[in-house]
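K.L.:
Enclosed is the structure file entry-v4.pdb (PDB, N, CA and C atoms).
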ATOM      1  N   MET A   1     -27.084-192.219 160.378
ATOM      2  CA  MET A   1     -28.079-191.230 160.677
ATOM      3  C   MET A   1     -27.519-190.254 161.698
ATOM      4  N   GLY A   2     -28.388-189.815 162.591
ATOM      5  CA  GLY A   2     -27.925-188.920 163.632
ATOM      6  C   GLY A   2     -27.997-187.469 163.210
ATOM      7  N   GLY A   3     -27.036-186.737 163.623
ATOM      8  CA  GLY A   3     -27.069-185.300 163.378
ATOM      9  C   GLY A   3     -27.711-184.586 164.547
ATOM     10  N   ILE A   4     -27.921-183.335 164.365
ATOM     11  CA  ILE A   4     -28.473-182.524 165.436
ATOM     12  C   ILE A   4     -29.995-182.493 165.332
ATOM     13  N   SER A   5     -30.659-182.602 166.448
ATOM     14  CA  SER A   5     -32.115-182.612 166.459
ATOM     15  C   SER A   5     -32.652-181.213 166.181
ATOM     16  N   GLU A   6     -33.914-181.133 165.872
ATOM     17  CA  GLU A   6     -34.548-179.829 165.609
ATOM     18  C   GLU A   6     -34.483-178.945 166.856
ATOM     19  N   ARG A   7     -34.650-179.538 168.017
ATOM     20  CA  ARG A   7     -34.563-178.777 169.261
ATOM     21  C   ARG A   7     -33.161-178.216 169.443
ATOM     22  N   GLY A   8     -32.162-179.011 169.103
ATOM     23  CA  GLY A   8     -30.780-178.547 169.201
ATOM     24  C   GLY A   8     -30.507-177.379 168.276
ATOM     25  N   LYS A   9     -31.056-177.438 167.069
ATOM     26  CA  LYS A   9     -30.898-176.328 166.119
ATOM     27  C   LYS A   9     -31.556-175.066 166.650
ATOM     28  N   GLU A  10     -32.734-175.235 167.236
ATOM     29  CA  GLU A  10     -33.459-174.093 167.781
ATOM     30  C   GLU A  10     -32.663-173.431 168.915
ATOM     31  N   ILE A  11     -32.101-174.237 169.780
ATOM     32  CA  ILE A  11     -31.313-173.706 170.896
ATOM     33  C   ILE A  11     -30.074-172.990 170.375
ATOM     34  N   LYS A  12     -29.448-173.564 169.355
ATOM     35  CA  LYS A  12     -28.264-172.949 168.763
ATOM     36  C   LYS A  12     -28.603-171.593 168.149
ATOM     37  N   ARG A  13     -29.750-171.512 167.462
ATOM     38  CA  ARG A  13     -30.172-170.233 166.875
ATOM     39  C   ARG A  13     -30.429-169.194 167.959
ATOM     40  N   ARG A  14     -31.072-169.616 169.055
ATOM     41  CA  ARG A  14     -31.347-168.683 170.161
ATOM     42  C   ARG A  14     -30.068-168.165 170.782
ATOM     43  N   ARG A  15     -29.124-169.055 171.002
ATOM     44  CA  ARG A  15     -27.858-168.638 171.608
ATOM     45  C   ARG A  15     -27.122-167.660 170.702
ATOM     46  N   HIS A  16     -27.144-167.929 169.409
ATOM     47  CA  HIS A  16     -26.484-167.033 168.456
ATOM     48  C   HIS A  16     -27.152-165.659 168.464
ATOM     49  N   ARG A  17     -28.496-165.639 168.468
ATOM     50  CA  ARG A  17     -29.211-164.361 168.502
ATOM     51  C   ARG A  17     -28.888-163.586 169.776
ATOM     52  N   ARG A  18     -28.867-164.280 170.907
ATOM     53  CA  ARG A  18     -28.574-163.617 172.179
ATOM     54  C   ARG A  18     -27.178-163.010 172.166
ATOM     55  N   LYS A  19     -26.202-163.765 171.656
ATOM     56  CA  LYS A  19     -24.833-163.269 171.599
ATOM     57  C   LYS A  19     -24.726-162.072 170.659
ATOM     58  N   LYS A  20     -25.380-162.148 169.516
ATOM     59  CA  LYS A  20     -25.346-161.062 168.547
ATOM     60  C   LYS A  20     -26.020-159.810 169.102
ATOM     61  N   LEU A  21     -27.133-159.973 169.812
ATOM     62  CA  LEU A  21     -27.816-158.826 170.399
ATOM     63  C   LEU A  21     -26.961-158.174 171.484
ATOM     64  N   GLN A  22     -26.206-158.971 172.232
ATOM     65  CA  GLN A  22     -25.308-158.404 173.237
ATOM     66  C   GLN A  22     -24.224-157.563 172.575
ATOM     67  N   GLN A  23     -23.692-158.049 171.444
ATOM     68  CA  GLN A  23     -22.677-157.296 170.721
ATOM     69  C   GLN A  23     -23.251-155.988 170.187
ATOM     70  N   LEU A  24     -24.456-156.053 169.631
ATOM     71  CA  LEU A  24     -25.080-154.850 169.094
ATOM     72  C   LEU A  24     -25.409-153.860 170.204
ATOM     73  N   ALA A  25     -25.839-154.345 171.355
ATOM     74  CA  ALA A  25     -26.148-153.462 172.476
ATOM     75  C   ALA A  25     -24.894-152.744 172.959
ATOM     76  N   LYS A  26     -23.769-153.437 172.952
ATOM     77  CA  LYS A  26     -22.517-152.820 173.360
ATOM     78  C   LYS A  26     -22.109-151.726 172.368
ATOM     79  N   ARG A  27     -22.261-151.994 171.068
ATOM     80  CA  ARG A  27     -21.926-151.003 170.045
ATOM     81  C   ARG A  27     -22.872-149.811 170.078
ATOM     82  N   LEU A  28     -24.078-150.043 170.560
ATOM     83  CA  LEU A  28     -25.103-149.012 170.585
ATOM     84  C   LEU A  28     -24.751-147.864 171.530
ATOM     85  N   LYS A  29     -23.990-148.151 172.555
ATOM     86  CA  LYS A  29     -23.647-147.125 173.545
ATOM     87  C   LYS A  29     -22.879-145.962 172.932
ATOM     88  N   LYS A  30     -22.007-146.240 171.960
ATOM     89  CA  LYS A  30     -21.178-145.197 171.353
ATOM     90  C   LYS A  30     -21.656-144.807 169.959
ATOM     91  N   ALA A  31     -22.781-145.351 169.525
ATOM     92  CA  ALA A  31     -23.205-145.183 168.131
ATOM     93  C   ALA A  31     -23.758-143.786 167.862
ATOM     94  N   THR A  32     -23.509-143.321 166.638
ATOM     95  CA  THR A  32     -24.109-142.077 166.168
ATOM     96  C   THR A  32     -25.521-142.385 165.681
ATOM     97  N   VAL A  33     -26.232-141.345 165.240
ATOM     98  CA  VAL A  33     -27.614-141.529 164.792
ATOM     99  C   VAL A  33     -27.675-142.459 163.584
ATOM    100  N   SER A  34     -26.772-142.265 162.631
ATOM    101  CA  SER A  34     -26.796-143.118 161.439
ATOM    102  C   SER A  34     -26.416-144.558 161.780
ATOM    103  N   GLU A  35     -25.492-144.740 162.695
ATOM    104  CA  GLU A  35     -25.117-146.086 163.111
ATOM    105  C   GLU A  35     -26.267-146.772 163.842
ATOM    106  N   LYS A  36     -27.054-145.991 164.598
ATOM    107  CA  LYS A  36     -28.200-146.566 165.299
ATOM    108  C   LYS A  36     -29.232-147.092 164.312
ATOM    109  N   SER A  37     -29.427-146.402 163.197
ATOM    110  CA  SER A  37     -30.383-146.894 162.206
ATOM    111  C   SER A  37     -29.873-148.175 161.545
ATOM    112  N   VAL A  38     -28.577-148.276 161.348
ATOM    113  CA  VAL A  38     -27.987-149.500 160.791
ATOM    114  C   VAL A  38     -28.157-150.654 161.775
ATOM    115  N   ILE A  39     -27.933-150.382 163.053
ATOM    116  CA  ILE A  39     -28.092-151.411 164.076
ATOM    117  C   ILE A  39     -29.545-151.866 164.142
ATOM    118  N   ALA A  40     -30.491-150.930 164.049
ATOM    119  CA  ALA A  40     -31.911-151.297 164.064
ATOM    120  C   ALA A  40     -32.247-152.190 162.878
ATOM    121  N   ALA A  41     -31.687-151.894 161.705
ATOM    122  CA  ALA A  41     -31.928-152.735 160.526
ATOM    123  C   ALA A  41     -31.345-154.131 160.736
ATOM    124  N   LYS A  42     -30.180-154.211 161.344
ATOM    125  CA  LYS A  42     -29.563-155.515 161.601
ATOM    126  C   LYS A  42     -30.404-156.331 162.582
ATOM    127  N   ILE A  43     -30.964-155.657 163.575
ATOM    128  CA  ILE A  43     -31.819-156.361 164.539
ATOM    129  C   ILE A  43     -33.059-156.897 163.843
ATOM    130  N   ARG A  44     -33.637-156.103 162.928
ATOM    131  CA  ARG A  44     -34.823-156.564 162.180
ATOM    132  C   ARG A  44     -34.512-157.801 161.350
ATOM    133  N   ASN A  45     -33.328-157.858 160.769
ATOM    134  CA  ASN A  45     -32.947-159.021 159.960
ATOM    135  C   ASN A  45     -32.609-160.235 160.818
ATOM    136  N   LEU A  46     -32.231-160.001 162.054
ATOM    137  CA  LEU A  46     -31.754-161.080 162.916
ATOM    138  C   LEU A  46     -32.881-161.884 163.547
ATOM    139  N   THR A  47     -33.961-161.226 163.948
ATOM    140  CA  THR A  47     -34.930-161.911 164.787
ATOM    141  C   THR A  47     -36.360-161.506 164.462
ATOM    142  N   PRO A  48     -37.303-162.419 164.608
ATOM    143  CA  PRO A  48     -38.705-162.095 164.354
ATOM    144  C   PRO A  48     -39.311-161.174 165.405
ATOM    145  N   GLY A  49     -38.789-161.124 166.603
ATOM    146  CA  GLY A  49     -39.299-160.260 167.657
ATOM    147  C   GLY A  49     -38.572-158.924 167.715
ATOM    148  N   ALA A  50     -38.159-158.425 166.560
ATOM    149  CA  ALA A  50     -37.288-157.261 166.496
ATOM    150  C   ALA A  50     -37.921-155.993 167.053
ATOM    151  N   GLU A  51     -39.197-155.783 166.822
ATOM    152  CA  GLU A  51     -39.822-154.529 167.232
ATOM    153  C   GLU A  51     -39.792-154.361 168.754
ATOM    154  N   ALA A  52     -39.991-155.426 169.487
ATOM    155  CA  ALA A  52     -39.921-155.355 170.943
ATOM    156  C   ALA A  52     -38.500-155.044 171.406
ATOM    157  N   ILE A  53     -37.518-155.619 170.737
ATOM    158  CA  ILE A  53     -36.121-155.371 171.093
ATOM    159  C   ILE A  53     -35.736-153.940 170.759
ATOM    160  N   ILE A  54     -36.205-153.440 169.620
ATOM    161  CA  ILE A  54     -35.919-152.057 169.230
ATOM    162  C   ILE A  54     -36.538-151.090 170.233
ATOM    163  N   ASP A  55     -37.735-151.388 170.696
ATOM    164  CA  ASP A  55     -38.354-150.546 171.722
ATOM    165  C   ASP A  55     -37.547-150.594 173.018
ATOM    166  N   ARG A  56     -37.070-151.769 173.381
ATOM    167  CA  ARG A  56     -36.300-151.923 174.609
ATOM    168  C   ARG A  56     -34.972-151.154 174.534
ATOM    169  N   PHE A  57     -34.353-151.141 173.344
ATOM    170  CA  PHE A  57     -33.104-150.410 173.149
ATOM    171  C   PHE A  57     -33.348-148.930 172.878
ATOM    172  N   GLN A  58     -34.603-148.510 172.826
ATOM    173  CA  GLN A  58     -35.008-147.131 172.573
ATOM    174  C   GLN A  58     -34.456-146.608 171.246
ATOM    175  N   LEU A  59     -34.617-147.406 170.200
ATOM    176  CA  LEU A  59     -34.170-147.031 168.861
ATOM    177  C   LEU A  59     -35.316-146.547 167.989
ATOM    178  N   ARG A  60     -36.498-146.472 168.506
ATOM    179  CA  ARG A  60     -37.678-146.196 167.704
ATOM    180  C   ARG A  60     -37.563-144.877 166.935
ATOM    181  N   GLU A  61     -37.082-143.801 167.573
ATOM    182  CA  GLU A  61     -37.082-142.505 166.910
ATOM    183  C   GLU A  61     -35.931-142.345 165.922
ATOM    184  N   SER A  62     -34.903-143.174 166.027
ATOM    185  CA  SER A  62     -33.719-142.967 165.198
ATOM    186  C   SER A  62     -33.619-143.922 164.015
ATOM    187  N   ASP A  63     -34.552-144.840 163.850
ATOM    188  CA  ASP A  63     -34.307-145.903 162.877
ATOM    189  C   ASP A  63     -34.911-145.658 161.502
ATOM    190  N   ARG A  64     -35.853-144.776 161.339
ATOM    191  CA  ARG A  64     -36.450-144.650 160.006
ATOM    192  C   ARG A  64     -36.378-143.303 159.449
TER     193      ARG A  64
END
Can you dump the structure from the file as structure tokens?
P.N.:
Amino acid sequence: MGGISERGKEIKRRRHRRKKLQQLAKRLKKATVSEKSVIAAKIRNLTPGAEAIIDRFQLRESDR
């Protein structure tokens, strides 16, 4: 038996999301308008709380 517990999986998913969001935030600094819309789409696919993150990154006007 054994394996990773559900809590462990949840923590692993959170850490991965945090790391991915840090990478996207770094790329966002030099991004063009079209790249910003791609980044916003990637954030939406990555996490259920995407709209709050998009607002925090100020991507609202450039994403649609």
K.L.:
What does the distance between atom CA of Leu21 of chain A and atom CA of Ile43 of chain A come to in Å, to one decimal place?
P.N.:
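Between these atoms lies a distance of 7.5 Å.
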K.L.:
List, as a ChimeraX atom specification, every residue that the PyMOL selection byres (((chain A and resi 44-46 and name CA) around 12) and name CA) selects in the file provided.
P.N.:
/A:13-14,16-21,24,37-43,47-55,59,63
K.L.:
Record the distance separating atom C of Lys29 of chain A and atom C of Ile11 of chain A, expressed in Å with one decimal.
P.N.:
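Value for the atom C of Lys29 of chain A-atom C of Ile11 of chain A distance: 28.1 Å.
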K.L.:
Please identify the alpha helix (DSSP H) residues within chain A (assignment by DSSP from backbone atoms) and present them as a ChimeraX atom specification.
P.N.:
/A:6-28,33-46,50-56
K.L.:
What does the structure give for the distance between atom N of Arg56 of chain A and atom N of Lys30 of chain A, in Å to one decimal?
P.N.:
16.1 Å
